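Quick look at target-v2.txt (compact mmCIF, C-alpha atoms):
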```txt
# COMPACT_ATOMS: atom_id res chain seq x y z
CA MET A 705 190.86 50.10 192.85
CA ILE A 706 192.89 50.90 195.94
CA ASP A 707 190.25 53.50 196.83
CA VAL A 708 187.56 50.82 196.73
CA LEU A 709 189.68 48.64 199.00
CA ASP A 710 190.11 51.58 201.37
CA TYR A 711 186.40 52.28 201.60
CA VAL A 712 185.35 48.67 202.03
CA MET A 713 187.98 48.03 204.70
CA LEU A 714 187.07 51.21 206.54
CA PHE A 715 183.46 49.99 206.46
CA PHE A 716 184.61 46.64 207.90
CA LEU A 717 186.54 48.55 210.57
CA ALA A 718 183.45 50.52 211.60
CA ALA A 719 181.30 47.36 211.57
CA THR A 720 183.84 45.57 213.77
CA ALA A 721 183.96 48.48 216.22
CA ILE A 722 180.16 48.50 216.50
CA GLY A 723 180.24 44.74 217.04
CA ILE A 724 182.82 45.15 219.82
CA VAL A 725 180.58 47.68 221.54
CA ARG A 726 177.41 45.66 221.16
CA LEU A 727 178.56 42.15 222.03
CA ARG A 728 178.49 41.12 225.70
CA GLY A 729 180.56 37.93 225.54
CA LEU A 730 184.10 39.06 226.25
CA ILE A 731 185.78 36.25 224.32
CA ALA A 732 183.89 37.28 221.20
CA VAL A 733 184.98 40.85 221.88
CA VAL A 734 188.63 39.74 222.08
CA MET A 735 188.27 37.87 218.78
CA LEU A 736 186.66 40.90 217.14
CA SER A 737 189.39 43.18 218.44
CA GLY A 738 191.91 40.85 216.80
CA ILE A 739 190.04 41.30 213.53
CA TYR A 740 190.03 45.05 214.14
CA SER A 741 193.81 45.02 214.46
CA LEU A 742 194.16 42.95 211.29
CA LEU A 743 192.00 45.46 209.41
CA ALA A 744 193.93 48.42 210.79
CA ALA A 745 197.20 46.74 209.84
CA SER A 746 195.93 46.11 206.30
CA LEU A 747 194.99 49.76 206.00
CA PHE A 748 198.47 50.75 207.16
CA VAL A 749 199.93 48.58 204.41
CA ILE A 750 197.63 50.20 201.84
CA LEU A 751 198.78 53.59 203.15
CA ASP A 752 202.43 52.60 202.46
CA ALA A 753 203.43 52.17 206.10
CA PRO A 754 204.56 48.54 206.28
CA ASP A 755 206.63 49.18 209.43
CA VAL A 756 203.64 50.47 211.36
CA ALA A 757 201.63 47.60 209.94
CA LEU A 758 204.15 45.06 211.21
CA THR A 759 204.05 46.63 214.67
CA GLU A 760 200.26 46.67 214.65
CA ALA A 761 200.16 43.03 213.61
CA ALA A 762 202.67 41.92 216.23
CA VAL A 763 201.20 43.98 219.07
CA GLY A 764 197.52 44.17 218.16
CA VAL A 765 196.93 40.70 216.78
CA GLY A 766 199.58 38.75 218.64
CA ALA A 767 200.41 40.23 222.02
CA ALA A 768 197.23 42.18 222.79
CA THR A 769 194.95 39.26 221.89
CA VAL A 770 196.94 36.86 224.06
CA LEU A 771 197.07 39.34 226.96
CA MET A 772 193.33 40.00 226.75
CA LEU A 773 192.61 36.27 226.61
CA GLY A 774 194.74 35.83 229.71
CA THR A 775 192.81 38.62 231.41
CA VAL A 776 189.49 37.02 230.47
CA ALA A 777 190.75 33.70 231.83
CA LEU A 778 191.67 35.39 235.12
CA THR A 779 188.50 37.46 235.52
CA THR A 780 185.13 36.93 233.84
CA ARG A 781 183.70 35.95 230.49
CA GLU A 782 180.58 38.10 230.40
CA GLU A 783 180.26 41.85 230.46
CA LYS A 784 177.63 43.14 232.88
CA PRO A 785 174.66 44.66 231.07
CA VAL A 786 174.85 48.44 231.16
CA ARG A 787 171.96 50.86 231.28
CA PHE A 788 171.82 53.25 228.33
CA ARG A 789 172.92 56.71 229.40
CA PRO A 790 172.78 59.57 226.92
CA LEU A 791 175.52 61.79 228.36
CA PRO A 792 178.54 59.67 227.25
CA LEU A 793 177.05 59.36 223.77
CA VAL A 794 176.63 63.13 223.55
CA VAL A 795 180.20 63.68 224.74
CA VAL A 796 181.59 61.23 222.19
CA VAL A 797 179.54 62.64 219.32
CA VAL A 798 180.48 66.23 220.15
CA THR A 799 184.16 65.31 220.46
CA GLY A 800 184.00 63.47 217.15
CA ILE A 801 182.38 66.45 215.43
CA VAL A 802 185.05 68.77 216.85
CA LEU A 803 187.83 66.45 215.68
CA ILE A 804 186.35 66.12 212.18
CA TYR A 805 185.96 69.91 212.07
CA GLY A 806 189.64 70.16 213.01
CA THR A 807 190.66 67.92 210.12
CA LEU A 808 188.96 70.28 207.65
CA SER A 809 191.79 72.79 208.04
CA LEU A 810 194.52 70.19 207.57
CA PRO A 811 196.45 70.22 204.30
CA PRO A 812 195.42 67.54 201.79
CA PHE A 813 196.80 64.04 202.27
CA GLY A 814 200.26 63.75 200.80
CA ALA A 815 200.74 67.47 200.11
CA ALA A 816 204.44 68.20 199.75
CA ASP A 817 204.54 71.94 200.47
CA VAL A 818 203.39 72.03 204.10
CA PRO A 819 205.70 73.14 206.95
CA ALA A 820 205.93 69.66 208.42
CA ARG A 821 207.53 68.37 205.23
CA LEU A 822 209.85 71.29 204.48
CA HIS A 823 212.14 71.21 207.52
CA VAL A 824 214.11 67.95 207.84
CA SER A 825 212.13 65.60 205.58
CA PRO A 826 213.96 66.58 202.36
CA LEU A 827 217.26 66.05 204.18
CA TYR A 828 216.16 62.61 205.38
CA LEU A 829 214.96 61.67 201.91
CA ALA A 830 218.08 62.96 200.17
CA GLU A 831 220.77 61.73 202.53
CA GLY A 832 219.05 59.08 204.62
CA TYR A 833 220.49 56.13 202.76
CA GLU A 834 224.06 57.42 202.76
CA GLN A 835 223.95 58.47 206.40
CA THR A 836 222.27 55.40 207.86
CA GLY A 837 222.49 52.64 205.26
CA VAL A 838 218.87 51.65 205.90
CA PRO A 839 216.88 51.19 202.67
CA ASN A 840 213.48 52.07 204.18
CA ILE A 841 213.26 55.74 205.12
CA VAL A 842 210.70 55.18 207.91
CA THR A 843 212.95 52.60 209.55
CA ALA A 844 215.92 54.93 209.10
CA VAL A 845 214.10 57.78 210.87
CA LEU A 846 212.77 55.60 213.69
CA ALA A 847 215.85 53.54 214.37
CA SER A 848 218.63 55.98 213.51
CA TYR A 849 217.64 59.65 213.45
CA ARG A 850 215.26 59.23 216.37
CA GLY A 851 217.15 56.37 217.96
CA PHE A 852 217.12 57.83 221.47
CA ASP A 853 213.39 58.47 221.23
CA THR A 854 212.82 54.86 220.23
CA LEU A 855 215.13 53.72 223.02
CA GLY A 856 212.98 55.65 225.51
CA GLU A 857 209.85 53.96 224.18
CA VAL A 858 211.47 50.56 224.53
CA VAL A 859 212.41 51.36 228.14
CA VAL A 860 208.79 52.35 228.89
CA ILE A 861 207.49 49.12 227.35
CA MET A 862 210.04 47.07 229.28
CA ALA A 863 209.06 48.78 232.56
CA ALA A 864 205.40 48.01 231.87
CA GLY A 865 206.24 44.39 231.09
CA VAL A 866 208.30 44.02 234.26
CA GLY A 867 205.43 45.47 236.28
CA VAL A 868 202.92 43.04 234.78
CA ILE A 869 205.25 40.09 235.34
CA ALA A 870 205.79 41.17 238.96
CA LEU A 871 202.02 41.38 239.53
CA LEU A 872 201.27 38.02 237.90
CA ALA A 873 204.22 36.26 239.55
CA GLY A 874 203.05 37.45 242.96
CA ARG A 875 199.59 36.11 242.26
CA ARG A 876 200.93 32.73 241.12
CA SER A 877 203.19 32.20 244.13
CA GLY A 878 200.22 33.07 246.35
CA GLN A 879 198.45 30.06 244.85
CA GLY A 880 201.43 27.83 245.48
CA GLU A 881 202.09 27.39 241.76
CA LYS A 882 205.25 27.94 239.83
CA GLY A 883 204.89 31.15 237.81
CA GLU A 884 205.63 31.33 234.14
CA MET B 490 192.97 39.34 187.60
CA PHE B 491 194.34 40.85 190.80
CA ILE B 492 191.32 43.13 191.00
CA ALA B 493 188.97 40.18 190.74
CA ALA B 494 190.96 38.37 193.42
CA ALA B 495 190.80 41.43 195.67
CA LEU B 496 187.02 41.68 195.27
CA GLY B 497 186.65 37.99 196.04
CA LEU B 498 188.79 38.47 199.15
CA LEU B 499 186.60 41.35 200.30
CA VAL B 500 183.52 39.13 200.02
CA THR B 501 185.25 36.38 202.01
CA MET B 502 186.33 38.91 204.62
CA ALA B 503 182.74 40.10 204.99
CA MET B 504 181.56 36.53 205.52
CA ALA B 505 184.30 35.84 208.10
CA LEU B 506 183.39 39.07 209.88
CA ALA B 507 179.74 38.04 210.00
CA ARG B 508 180.72 34.65 211.43
CA ALA B 509 182.90 36.30 214.08
CA TYR B 510 179.98 38.50 215.08
CA LEU B 511 177.21 35.90 214.92
CA GLY B 512 179.16 32.74 215.70
CA PRO B 513 177.20 30.75 218.24
CA THR B 514 180.23 28.94 219.65
CA ILE B 515 183.72 30.09 220.54
CA TYR B 516 185.19 27.82 217.89
CA ASP B 517 183.25 29.61 215.16
CA ARG B 518 184.79 32.86 216.29
CA ILE B 519 188.33 31.44 216.50
CA LEU B 520 187.97 30.01 213.04
CA ALA B 521 186.60 33.32 211.79
CA VAL B 522 189.62 35.18 213.18
CA ASN B 523 191.94 32.61 211.65
CA VAL B 524 190.23 32.89 208.27
CA PHE B 525 190.30 36.67 208.52
CA GLY B 526 194.02 36.60 209.25
CA THR B 527 194.61 34.40 206.21
CA LYS B 528 192.55 36.74 204.07
CA THR B 529 194.59 39.66 205.38
CA VAL B 530 197.79 37.90 204.34
CA LEU B 531 196.40 37.36 200.85
CA MET B 532 195.06 40.90 200.69
CA ILE B 533 198.43 42.40 201.55
CA ALA B 534 200.09 40.27 198.89
CA ILE B 535 197.51 41.34 196.31
CA VAL B 536 197.84 45.00 197.27
CA GLY B 537 201.57 44.60 196.79
CA PHE B 538 201.06 43.32 193.25
CA LEU B 539 198.33 45.87 192.47
CA THR B 540 200.68 48.70 193.38
CA ASP B 541 203.70 47.02 191.72
CA ARG B 542 205.52 46.58 195.00
CA PRO B 543 205.89 42.84 195.54
CA GLU B 544 208.17 43.41 198.54
CA PHE B 545 204.98 43.54 200.61
CA LEU B 546 205.20 39.76 200.46
CA ASP B 547 207.60 39.94 203.42
CA VAL B 548 204.95 41.72 205.49
CA ALA B 549 202.43 39.08 204.45
CA LEU B 550 204.78 36.32 205.61
CA VAL B 551 205.16 37.91 209.05
CA TYR B 552 201.38 38.15 209.27
CA ALA B 553 201.01 34.47 208.52
CA LEU B 554 203.43 33.60 211.34
CA ILE B 555 201.76 35.91 213.86
CA ASN B 556 198.32 34.66 212.92
CA PHE B 557 199.37 31.07 213.57
CA ILE B 558 200.86 31.87 216.98
CA GLY B 559 197.81 33.90 218.00
CA VAL B 560 195.40 31.11 217.12
CA ILE B 561 197.49 28.54 218.97
CA ALA B 562 197.51 30.78 222.06
CA ALA B 563 193.75 31.30 221.87
CA LEU B 564 193.11 27.57 221.55
CA LYS B 565 195.37 26.86 224.50
CA VAL B 566 193.47 29.34 226.65
CA PHE B 567 190.18 27.72 225.68
CA LYS B 568 191.41 24.22 226.37
CA TYR B 569 193.19 24.79 229.68
CA GLY B 570 191.80 28.14 230.82
CA ASP B 571 195.34 29.30 231.44
CA LEU B 572 198.17 30.45 229.23
CA GLY B 573 200.80 29.03 231.57
CA ALA B 574 199.42 25.48 231.61
CA ASP B 575 201.99 22.84 230.71
CA GLY B 576 199.46 20.64 228.92
CA SER B 577 199.59 17.71 231.31
CA ARG B 578 196.53 18.83 233.25
CA ARG B 579 193.09 18.10 231.85
CA GLU B 580 191.22 20.85 233.58
CA GLU B 581 188.18 22.61 232.21
CA GLY B 582 189.05 25.56 230.02
CA LEU B 583 186.91 28.42 228.82
CA GLY B 584 185.63 26.28 225.97
CA LYS B 585 182.80 24.56 227.80
```
Using structure tokens, write down the structure that the file contains.
Amino acid sequence: MIDVLDYVMLFFLAATAIGIVRLRGLIAVVMLSGIYSLLAASLFVILDAPDVALTEAAVGVGAATVLMLGTVALTTREEKPVRFRPLPLVVVVVTGIVLIYGTLSLPPFGAADVPARLHVSPLYLAEGYEQTGVPNIVTAVLASYRGFDTLGEVVVIMAAGVGVIALLAGRRSGQGEKGE
Amino acid sequence: MFIAAALGLLVTMAMALARAYLGPTIYDRILAVNVFGTKTVLMIAIVGFLTDRPEFLDVALVYALINFIGVIAALKVFKYGDLGADGSRREEGLGK
């Protein structure tokens, strides 16, 4: 049953992506990208990654949709019609074929005896709860074992946010309005 | 029963997706996204029960909250054309 859900939702995902490419009204594209994020988040949940799914929902559906709506409000609502050019399509198709070919040599999904899962993963799984006290092992790895890594990511995101706020605040004060 | 509910949800999701793609007005599309978010919440809850892990209900709750905030933000942009509007101005938004 979960397999059926997977396939149908992957089909929805592909249909949404094609819709995003084909539609020219940018507001509709923003709405469809919100649906895309919701679908991706659902698939993360089905794949047992509720943490990633929460992040995807908060960032993809919440923040990204609002930011893109703000961008549309500041710029334009219609995408300019583009002439069909074959070269980008060829590049994308060839890259996709190469990537799919690369996945053929990957170990099967969930295999336990691959090098990536023999080094520290058993240690995390065996002692994660005692060492960190976090019930969810993914959260334990992200927030405790790789805490400095996560801290670096947070710093990058904060720098990006400060940059965007600086840009928008400058624009607002140029219009004589009080920035938000 | 959960399987039947999941299949029904998939059908509803397909219809919401079609409305988001075809929707002649912006409000059709907003409503489609809102409906799709609600269906996602229900789908996550049902997946939780299908796989005997009802703790996914927490994730579903967070989704419901985020979905609400996102729709409010979208509607505000359409009404005022600006996310920073304080609501006292009656200027033309993106809606018309």
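A straight line drawn from CA of Leu506 in chain B to CA of Phe525 in chain B is 7.4 Å long.
Going from CA of Val860 in chain A to CA of Ser848 in chain A covers 18.6 Å.
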Open item on the list: Taking all atoms listed in the file into account and nothing else, which residues of chain A lie no more than 7 Å away from chain B? Please answer as a ChimeraX atom specification.
Closed with: /A:723,732,735-736,739,742,746,749-750,754,758,761-762,765-766,770,773-774,777,884
Selection above as a file: C-alpha atoms, as a CSV table (one decimal), keeping the file's coordinate frame:
```csv
chain,number,residue,atom,x,y,z
A,723,GLY,CA,180.2,44.7,217.0
A,732,ALA,CA,183.9,37.3,221.2
A,735,MET,CA,188.3,37.9,218.8
A,736,LEU,CA,186.7,40.9,217.1
A,739,ILE,CA,190.0,41.3,213.5
A,742,LEU,CA,194.2,43.0,211.3
A,746,SER,CA,195.9,46.1,206.3
A,749,VAL,CA,199.9,48.6,204.4
A,750,ILE,CA,197.6,50.2,201.8
A,754,PRO,CA,204.6,48.5,206.3
A,758,LEU,CA,204.2,45.1,211.2
A,761,ALA,CA,200.2,43.0,213.6
A,762,ALA,CA,202.7,41.9,216.2
A,765,VAL,CA,196.9,40.7,216.8
A,766,GLY,CA,199.6,38.8,218.6
A,770,VAL,CA,196.9,36.9,224.1
A,773,LEU,CA,192.6,36.3,226.6
A,774,GLY,CA,194.7,35.8,229.7
A,777,ALA,CA,190.8,33.7,231.8
A,884,GLU,CA,205.6,31.3,234.1
```
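Note that CA of Ile731 in chain A and CA of Ala768 in chain A are 13.0 Å apart.
Take the candidates B:Phe538, B:Leu546, B:Lys568, B:Thr501 and check each one against Ile706 in chain A using all atoms listed in the file; the shortest distance goes to B:Phe538.
Neighbouring residues of range 830-845 of chain A at 10 Å or closer, counting only C-alpha atoms and skipping chain neighbours under 4 positions away, are Ala753, Pro754, Asp755, Val756, Val824, Ser825, Pro826, Tyr849, Arg850, Gly851 and Thr854 of chain A.
Shortest atom-to-atom contact with Phe813 in chain A among A:Leu751, A:Val733, A:Val794, A:Leu871: A:Leu751, counting only C-alpha atoms.
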